[in-house]
Structure formats: structure tokens, C-alpha cells
Amino acid sequence: MPSARPETRYAKSGDLNIAYQVVGDGPVDLVYVPGWISNVELNWEEPSLAHVLERLAGFSRLIMFDKRGTGLSDPVPQDRLPTLEERMDDVRAVLDAVDSRQSAVFGFSEGGLMSVLFAATYPERTTALVLFGVFAKRLWSPDYPWAPRPDDREREIAELERNWSERMDLDQIAPSEDDAFKARLATYLRRSASPGAAVALMRMNTQLDVRDVLPTIQAPTLVLHRAHDRDASVEEGRWIAARIPGAKFVELPGDAHILWAGDTEEVVDEIEEFLTGVRRGPEPDRILTTVLFTDIAGSTEQATKLGDRRWRELLERHHDLVREQLGRFNGREVDTAGDGFLATFDGPARAIRCGSAVVTGVRALGLEVRAGVHTGECELFGDKVAGLAVHTGARVSSLAGPGEILVSQTVKDLVAGSGIEFEDRGTHELKGVPGEWRLYAVSG
């Protein structure tokens with residue numbers, strides 16, 4: 001999430017107030033046109049959606065808004081639904097309010113119809129068009145077989161209104177997500193529109209048809225669609241792309257219709273590359289963590305003396321002992337290579353005590369282990385860790401003697417008052433690590 005939640009402001013669109021936010025300062029203005037209903041402030045409370053928005057804002061000035069009748073924007077009379085042109089004006093009003101003369105337009109699901117109409121109506125203001133999981137109409141006809149049939153659509157609308165106050169069925173739009181995700185999504189939808197407004201907007205969407213607008217789009221266009229989207233067929237997305245001059249179509253794996261479900265990284269990667277020419281991927285998460293490296297001293301000699309079978313058996317017992325101590329001290333195994341371990345801890349004292357328990361425990365197996373501990377900022381790549389702190393911890397460990405645990409000055413300072421005692425081992429140069437480092441051995 002941004003260091004401070006973006007401020008919600010309002011733009012005047014006719015007589016209505018349209019809520020919007022701006023985040024990021026990238027070279028590209030990118031207006032995000034949400035799907036059916038949204039809430040610009042709740043966006044930041046859903047971790048997966050917040051992550052998508054953060055990534056988009058990492059290469060753009062991201063402009064977000066709630067369409068009239070949804071979220072924090074003014075409500076609309078349910079007996080007088082806004083036209084698509086009126087709702088498109090909300091986009092123009094927000095862009096005027098933030099002084100954006102030209103922008104890329106990103107439409108998701110139902111927001112794609114507004115995006116298509118805006119791009120066709122204001123080609124001088126549209127630098128690019130990106131569509132994700134979109135449709136061109138929402139009612140079946142012989143020449144458009146992907147949309148729901150009238151009776152099916154009516155049943156869907158009736159069921160929606162009946163279940164709005166309960167846990168609604170979201171298997172159509174996020175089939176592979178867990179129950180916790182679906183519960184959060186249901187809450188998000190309820191807090192973004194009343195049942196009457198949700199039904200009214202769904203009825204309005206049923207009447208929309210932008211098929212004839214598609215060939216008039218002049219902006220470079222990217223159409224993204226997941227292969228097994230149940231709510232909008234991938235064939236529908238491919239048909240739409242074929243009718244937009246020069247459009248690029250990308251089929252992505254997955255079955256989620258919701259933008260922030262499934263594999264979101266690939267979606268944002270495609271958008272970033274299309275708009276900037278560069279695919280950087282997500283910035284790694286950075287956290288302060290403690291790393292513990294261990295390895296068996298004299299392992300080559302031991303293996304030669306024991307032979308392959310007995311050495312493998314001894315290694316298995318060693319690994320079991322290390323993993324038992326990691327569990328005891330809340331350590332997380334990151335990697336095991338040969339006879340060494342890399343583990344992370346949320347505190348240096350636990351890492352030291354775990355290392356001490358390992359050093360003591362393996363002696364009963366006739367082994368001596370050396371260990372190194374360092375605390376610093378690490379980059380997270382899935383289950384892996386990287387960065388200078390990891391490299392430093394490995395170098396500290398390489399200087400330890402058999403049965404010894406070496407720690408950096410940082411670790412010694414952080415565990416002051418813990419009762420752990422140290423012996424000064426002087427300053428050292430660590431290969432590949434800048435500067436000189438004072439190291440300490442754990443005593444006792």
C-alpha cells in the first residue's frame with residue numbers, strides 16, 4: 001500500500017460529484033475504469049487489489065474513480081439510469097480535474113464499454129487503450145452467441161438482489177479463489193453499492209452494445225483475456241480484438257474474471273510492457289530479517305571415511321535435527337544445499353539460540369557445525385531471500401571455526417540485554433561485501 005492512503009477528491013460531472021484518487025508519478029497518465037461497481041477507498045483494504053494498483057502506479061500516474069451510483073460517487077435515481085454517454089463523461093470530468101490532457105485508458109469488465117466509447121469519442125486524448133476481461137454487449141443474439149440469453153440474465157439479476165445481504169455466489173467470477181477471498185469480495189461489493197443500485201446497474205449493462213464502435217478506435221489497443229474466464233468468454237475477447245484496428249490480443253492462463261484474482265503479475269507485466277516498452281516485473285518486497293547459515297565442518301573428510309551410504313544416513317539425521325530446532329525457535333528453512341542450511345528468523349536472539357542448539361545437538365552424531373548470523377534488509381522473491389544481508393551472513397559463516405557461531409556487530413547490538421555473551425573476534429574484510437566488519441563469537 002502507498003505510504004499514505006491517496007486522498008479522495010471529487011470532480012463535477014454535470015450535477016453529480018464523482019469520487020477519484022491519483023497515485024504515482026510515472027511518465028504515463030493511466031486512468032483505470034473499474035468494472036461493475038467499485039469503491040476507491042476500499043480498493044486499498046483488499047491486499048490483492050492494492051498490489052495491482054501499486055504496480056500500475058509504479059510506472060504511471062494512476063487515476064482511479066468510482067462511476068456514478070457506486071462507491072463514494074453520488075447516487076443516481078434507480079428509475080432513471082444514466083446512459084453510457086453520461087457515464088463516459090465521468091471519465092472526462094475526472095481527467096479534466098487532474099489536468100490530464102492525454103492518457104492511456106484501462107477498462108476492466110463492464111468498464112471496458114466506457115473505455116471503448118471514450119477512446120473512440122476522444123481519440124486526441126487517448127494515447128492507448130487496454131481492455132481486460134471485457135465484452136461488447138451483455139445480451140444474446142444470433143450474431144453474438146457469448147452473451148447470456150434473456151431468461152438466464154433475468155434469473156441472474158433476481159438471484160443477485162435476493163442474495164445481496166448474504167454470502168453471494170461468486171464462483172462465476174472467481175472460481176479458483178478460496179473462501180476467504182470470496183468473503184472479502186462479497187463484502188467489497190456490498191459496501192460499494194446498495195442492492196437496488198447493483199441491480200439497476202446490471203440491468204443497464206444488459207442494454208449496452210458497443211460492437212459498432214470497435215472499428216472506429218484509433219488508439220493502440222491491448223486486449224487481455226484469461227483462457228477460462230466463465231463470465232466473459234475468451235472467444236468473445238478475441239472477437240473484440242479482431243474488430244479493433246491493429247489491436248494486440250493476449251490470452252492469459254487462468255479462470256478468474258476478477259482483475260485482482262488469479263495470476264495478477266502477468267496481467268500487469270503485459271500492461272507495463274505495452275505502455276512503456278519495458279517489462280520490469282514486480283519490485284521485490286524488502287524486509288528486515290535475520291539469516292542463519294550452518295554447515296558441517298570437515299564434511300568431505302567425513303564422507304570419505306564413512307562411505308556414501310553411511311554418510312547419507314548421517315546427513316539425514318543431521319537434517320532432521322536442524323529442522324527440529326528450526327521449528328522450536330520459529331525459524332524458516334529457505335534453502336538446503338549439501339550439508340548446509342540457510343534459515344531466516346524474525347529476531348536475532350532466536351537465530352543465535354537455534355544455532356547453539358544445532359551446534360550442541362550434532363555433537364552427539366559425531367559432527368561439528370559452524371554457523372554465522374547477520375541481520376539486515378533482505379529482498380523476498382516468493383519463498384527465497386536475496387540481497388547484501390544474505391551475502392554478508394554467508395561470509396560471516398565461512399569465517400567460523402568448527403563448533404563456533406559468529407555474528408556481526410549488528411546482531412550483537414540488537415540482542416543487548418538478552419543474556420547472550422560474546423567474544424570479540426576483531427575486524428575482517430568479507431569477500432564481496434564493502435567495508436570492514438567486526439565479528440563476535442557466541443560464548444558459553
# chains A, B, ... in the order shown; residues from 1 in each chain; ligands from 1

$ residues_around --residues "region 23-33 of chain A" --least-positions-apart "6" --cutoff "9 Å" --atoms "only C-alpha atoms" --output "PyMOL selection string"
chain A and resi 2+5-7+53-54+56-67+91+95+100+102-108+110-112+114-115+275-276

$ select_by_dssp --residues "region 225-317 of chain A" --states "strand (DSSP E)" --output "JSON, numbers by chain"
{"A": [225, 226, 248, 249, 250, 251, 252, 285, 286, 287, 288, 289, 290, 291, 292, 293, 294, 295, 296]}

$ residues_around --residues "Leu326 (chain A)" --least-positions-apart "5" --cutoff "7 Å" --atoms "only C-alpha atoms" --output "list in words"
Gly331, Arg332 and Cys354 of chain A

$ write_last_selection --atoms "N, CA, C and O atoms" --output "compact mmCIF listing (two decimals), in the first residue's frame"
# COMPACT_ATOMS: atom_id res chain seq x y z
N GLY A 331 12.17 -20.65 13.24
CA GLY A 331 12.95 -20.34 12.05
C GLY A 331 12.27 -20.88 10.80
O GLY A 331 11.45 -21.80 10.87
N ARG A 332 12.61 -20.31 9.66
CA ARG A 332 12.04 -20.77 8.39
C ARG A 332 13.17 -21.24 7.48
O ARG A 332 14.07 -20.48 7.15
N CYS A 354 18.95 -20.93 18.25
CA CYS A 354 18.76 -22.07 17.35
C CYS A 354 20.12 -22.60 16.90
O CYS A 354 20.36 -23.82 16.93

$ select_by_dssp --residues "region 32-193 of chain A" --states "alpha helix (DSSP H)" --output "number ranges by chain"
A: 47-57, 84-97, 111-121, 150-163, 179-192

$ residues_around --residues "Ala351 (chain A)" --least-positions-apart "4" --cutoff "10 Å" --atoms "only C-alpha atoms" --output "VMD selection string"
chain A and resid 290 to 293 326 329 to 331 343 to 347 355 to 357 372 to 375 411

$ atom_distance --atom1 "CA of Phe118 (chain A)" --atom2 "CA of Leu160 (chain A)"
29.0 Å

$ closest_residue --among "A:Gly237, A:Pro77, A:Gly403, A:Pro348" --to "Ala136 (chain A)" --atoms "only C-alpha atoms"
A:Gly237

$ closest_atom_pairs --of "region 144-190 of chain A" --to "region 246-268 of chain A" --cutoff "8 Å" --atoms "only C-alpha atoms" --output "JSON lines"
{"residue": "A:Gln172", "atom": "CA", "partner": "A:His257", "partner_atom": "CA", "distance": 7.9}
{"residue": "A:Ile173", "atom": "CA", "partner": "A:His257", "partner_atom": "CA", "distance": 4.7}
{"residue": "A:Ala174", "atom": "CA", "partner": "A:Ala256", "partner_atom": "CA", "distance": 4.7}
{"residue": "A:Pro175", "atom": "CA", "partner": "A:Ala256", "partner_atom": "CA", "distance": 6.4}
{"residue": "A:Ser176", "atom": "CA", "partner": "A:Ala256", "partner_atom": "CA", "distance": 7.1}
{"residue": "A:Glu177", "atom": "CA", "partner": "A:Ala261", "partner_atom": "CA", "distance": 7.1}

$ closest_residue --among "A:Ser194, A:Thr304, A:Val322, A:Leu224" --to "Arg238 (chain A)" --atoms "only C-alpha atoms"
A:Leu224

$ residues_around --residues "Thr187 (chain A)" --least-positions-apart "4" --cutoff "12 Å" --atoms "only C-alpha atoms" --output "count of residues only"
20

$ residues_around --residues "Ser141 (chain A)" --least-positions-apart "5" --cutoff "12 Å" --atoms "only C-alpha atoms" --output "list of chain:residue names"
A:Trp146, A:Ala147, A:Pro148, A:Arg149, A:Pro150, A:Asp209

$ write_last_selection --atoms "C-alpha atoms" --output "short mmCIF file (atom, residue, chain, number, x, y, z; two decimals), in the first residue's frame"
data_model
loop_
_atom_site.label_atom_id
_atom_site.label_comp_id
_atom_site.auth_asym_id
_atom_site.auth_seq_id
_atom_site.Cartn_x
_atom_site.Cartn_y
_atom_site.Cartn_z
CA TRP A 146 -21.30 -15.44 -26.00
CA ALA A 147 -23.68 -13.20 -24.01
CA PRO A 148 -26.34 -14.58 -21.63
CA ARG A 149 -29.80 -15.32 -23.01
CA PRO A 150 -32.61 -13.04 -21.76
CA ASP A 209 -23.83 -2.67 -27.11
#

$ residues_around --residues "Lys412 (chain A)" --least-positions-apart "5" --cutoff "8 Å" --atoms "only C-alpha atoms" --output "NGL selection string"
:A and (407 or 422 or 440)

$ closest_residue --among "A:Arg328, A:Arg395, A:Arg438, A:Arg80" --to "Ala197 (chain A)" --atoms "only C-alpha atoms"
A:Arg80

$ closest_residue --among "A:Leu367, A:Val234, A:Leu49, A:Leu406" --to "Gln302 (chain A)" --atoms "only C-alpha atoms"
A:Leu367

$ atom_distance --atom1 "CA of Arg92 (chain A)" --atom2 "CA of Ile18 (chain A)"
10.8 Å
